[in-house]
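Student: Dumping the structure here so I can ask a few things about it.
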Amino acid sequence: MEQRHLGRSGLRVSRMALGTMTWGGDTDADEAASQLRVFTEAGGTLVDVADVYADGEAERILGGLIGDVVPRHRIVLATKAVARRDEGPFGGGASRGALLTALDGSLERLGVDHIDLWQLHAWDPNVPIEETLGALDSALASGKVRYAGVSNYSGWQLATAAGLRPSLVSNQVEYSLLERGIEREVVPAAAHHGIGLLPWAPLGRGVLTGKYRTSTPADSRGASARYAPYVEHHRTDRAARIVQAVVTAADGLGTSPLAVALAWVRDRPGVVAPVVGARDTVQLNGSLAAEGLTLPPAIRAALDDVSRVELGYPEQRLG
């Protein structure tokens with residue numbers, strides 16, 4: 001698998017990341033082990049988790065696999081903090097105390113002595129950004145964290161944080177053919193500050209695979225009470241037109257809609273590695289198949305056109 005630098009940093013990661021949001025929930029430890037093995041054997045290195053996934057169980061499962069399934073030095077381990085874990089005084093948020101408490105908890109659950117990429121899961125409006133970034137400085141200086149990034153930051157939030165701390169290397173945000181809103185301000189801000197983009201939901205929450213075109217498969221996320229609203233967000237008339245274009249492109253290229261959608265976002269300006277989650281190894285193999293696909297210019301242009309987001313003032317100067 002091709003390796004890319006994360007932003008302007010020296011950190012090199014695979015151009016696809018393995019997401020673990022379902023680990024400890026829909027994905028048990030045995031299936032997680034299979035996914036990690038398949039991913040790393042394909043050359044994948046970046047594995048993304050968060051302290052709140054399955055109430056910490058995703059980190060525990062991943063920690064149990066490091067060493068047995070893959071050597072620690074063969075993966076770039078990424079996790080996140082800020083989301084609320086419990087109601088205690090340090091159970092969530094981006095204060096210094098909460099962040100450093102979260103970091104120690106992640107290290108314990110993962111069974112490691114450092115995190116390669118530690119990400120702020122969200123902007124916290126209740127804490128001065130200087131305090132939050134100071135906690136990142138402490139984590140970096142301690143050696144417990146090697147690189148720091150953010151997640152779900154808007155354009156002004158990203159520019160503010162990066163202006164104060166040029167050491168930030170990434171922003172993990174939703175980005176796909178169905179969700180291109182970040183092109184208005186987040187993408188330009190990231191480019192200006194040398195920050196790499198890690199798209200989550202690069203398959204439009206599963207909609208871009210085409211499996212929801214005529215019905216909702218019984219074994220899909222869209223059929224579960226927990227994830228149905230997550231999927232329904234992208235089941236719109238506009239999405240249907242985009243999905244049809246993806247399916248048409250896939251038919252013409254002799255590949256899957258999944259591969260087309262993933263290749264499109266993977267090669268967008270500023271993108272380093274889409275974060276791909278899978279229910280099982282079969283789904284993961286479908287995503288890995290996109291590694292060998294580069295979209296022809298004509299198909300990329302057609303997909304750009306059907307999914308285009310309108311830019312207005314002030315993102316695009318008028319007149």
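Identifiers for the structure tokens are assigned positionally: chains receive A, B, ... in sequence, residues are indexed from 1 per chain, and ligands are indexed from 1 in the order shown.
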Could you list, as a PyMOL selection string, every residue within 9 Å of range 126-143 of chain A, counting only C-alpha atoms and ignoring same-chain residues fewer than 4 positions away?
Tutor: chain A and resi 93-97+99-100+103+113-115+118+120+147-148+160-161+164-165
Student: Can you pull out every residue within 10 Å of Val275 in chain A, counting only C-alpha atoms, but drop anything in the same chain fewer than 2 positions away, and send it as an mmCIF file with N, CA and C atoms, in the first residue's frame?
Tutor:
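Output saved as result-v4.cif:
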data_model
loop_
_atom_site.group_PDB
_atom_site.id
_atom_site.type_symbol
_atom_site.label_atom_id
_atom_site.label_comp_id
_atom_site.auth_asym_id
_atom_site.auth_seq_id
_atom_site.Cartn_x
_atom_site.Cartn_y
_atom_site.Cartn_z
ATOM 1 N N ARG A 15 -2.080 5.042 2.887
ATOM 2 C CA ARG A 15 -3.095 5.946 2.352
ATOM 3 C C ARG A 15 -4.516 5.419 2.559
ATOM 4 N N MET A 16 -4.650 4.464 3.437
ATOM 5 C CA MET A 16 -5.938 4.020 3.952
ATOM 6 C C MET A 16 -5.735 3.720 5.424
ATOM 7 N N ALA A 17 -6.692 4.132 6.253
ATOM 8 C CA ALA A 17 -6.621 3.853 7.684
ATOM 9 C C ALA A 17 -7.711 2.853 8.053
ATOM 10 N N LEU A 18 -7.409 2.017 9.027
ATOM 11 C CA LEU A 18 -8.390 1.050 9.522
ATOM 12 C C LEU A 18 -9.148 1.676 10.678
ATOM 13 N N GLY A 19 -10.449 1.842 10.514
ATOM 14 C CA GLY A 19 -11.291 2.376 11.573
ATOM 15 C C GLY A 19 -11.823 1.270 12.466
ATOM 16 N N THR A 20 -12.036 1.594 13.745
ATOM 17 C CA THR A 20 -12.395 0.564 14.730
ATOM 18 C C THR A 20 -13.640 0.945 15.540
ATOM 19 N N LEU A 46 -1.856 2.694 9.398
ATOM 20 C CA LEU A 46 -2.576 3.629 10.268
ATOM 21 C C LEU A 46 -3.850 2.978 10.809
ATOM 22 N N VAL A 47 -3.917 2.823 12.133
ATOM 23 C CA VAL A 47 -5.080 2.221 12.797
ATOM 24 C C VAL A 47 -5.667 3.265 13.732
ATOM 25 N N ASP A 48 -6.945 3.565 13.550
ATOM 26 C CA ASP A 48 -7.592 4.665 14.264
ATOM 27 C C ASP A 48 -8.655 4.157 15.234
ATOM 28 N N GLN A 172 -9.341 15.077 11.263
ATOM 29 C CA GLN A 172 -10.183 13.967 10.823
ATOM 30 C C GLN A 172 -11.622 14.471 10.725
ATOM 31 N N VAL A 173 -12.171 14.436 9.517
ATOM 32 C CA VAL A 173 -13.479 15.033 9.246
ATOM 33 C C VAL A 173 -14.276 14.149 8.288
ATOM 34 N N GLU A 174 -15.596 14.304 8.318
ATOM 35 C CA GLU A 174 -16.419 13.572 7.355
ATOM 36 C C GLU A 174 -16.201 14.165 5.961
ATOM 37 N N LEU A 198 -7.897 13.422 7.179
ATOM 38 C CA LEU A 198 -8.223 12.007 7.345
ATOM 39 C C LEU A 198 -9.740 11.872 7.280
ATOM 40 N N PRO A 199 -10.304 11.566 6.110
ATOM 41 C CA PRO A 199 -11.756 11.516 5.981
ATOM 42 C C PRO A 199 -12.385 10.331 6.719
ATOM 43 N N TRP A 200 -13.388 10.627 7.564
ATOM 44 C CA TRP A 200 -14.206 9.529 8.094
ATOM 45 C C TRP A 200 -15.494 9.458 7.278
ATOM 46 N N ALA A 201 -16.134 8.286 7.306
ATOM 47 C CA ALA A 201 -17.304 8.013 6.467
ATOM 48 C C ALA A 201 -17.027 8.300 4.992
ATOM 49 N N PRO A 202 -15.890 7.821 4.452
ATOM 50 C CA PRO A 202 -15.572 8.105 3.051
ATOM 51 C C PRO A 202 -16.520 7.419 2.071
ATOM 52 N N LEU A 203 -17.302 6.460 2.565
ATOM 53 C CA LEU A 203 -18.293 5.773 1.718
ATOM 54 C C LEU A 203 -19.695 6.306 1.954
ATOM 55 N N LEU A 262 -14.263 5.249 -2.879
ATOM 56 C CA LEU A 262 -13.093 5.348 -2.015
ATOM 57 C C LEU A 262 -11.906 5.952 -2.769
ATOM 58 N N ARG A 266 -9.938 9.413 -1.712
ATOM 59 C CA ARG A 266 -8.523 9.177 -1.374
ATOM 60 C C ARG A 266 -7.599 10.110 -2.126
ATOM 61 N N VAL A 272 -4.983 12.524 3.024
ATOM 62 C CA VAL A 272 -3.872 11.610 3.264
ATOM 63 C C VAL A 272 -4.361 10.169 3.306
ATOM 64 N N ALA A 273 -5.395 9.897 4.123
ATOM 65 C CA ALA A 273 -5.855 8.521 4.276
ATOM 66 C C ALA A 273 -7.308 8.489 4.738
ATOM 67 N N GLY A 277 -14.024 1.787 8.072
ATOM 68 C CA GLY A 277 -14.486 0.788 9.028
ATOM 69 C C GLY A 277 -15.235 -0.305 8.293
#
Student: With only C-alpha atoms as the atoms that count, which of A:Tyr175, A:Gly7, A:Gly312, A:Asp51 lies nearest to Ala190 in chain A?
Tutor: A:Gly7
Student: Env of range 56-58 of chain A: 10 Å cut, atoms = only C-alpha atoms, seq-sep filter 4 positions within chain, self excluded. Answer as an NGL selection string.
Tutor: :A and (20-25 or 27-29 or 32 or 49-52 or 62-64 or 85 or 105-106 or 109-110)
Student: Just the number, please: distance in Å from CA of Pro274 in chain A to CA of Leu177 in chain A, one decimal.
Tutor: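 Interatomic distance here is 12.5 Å.
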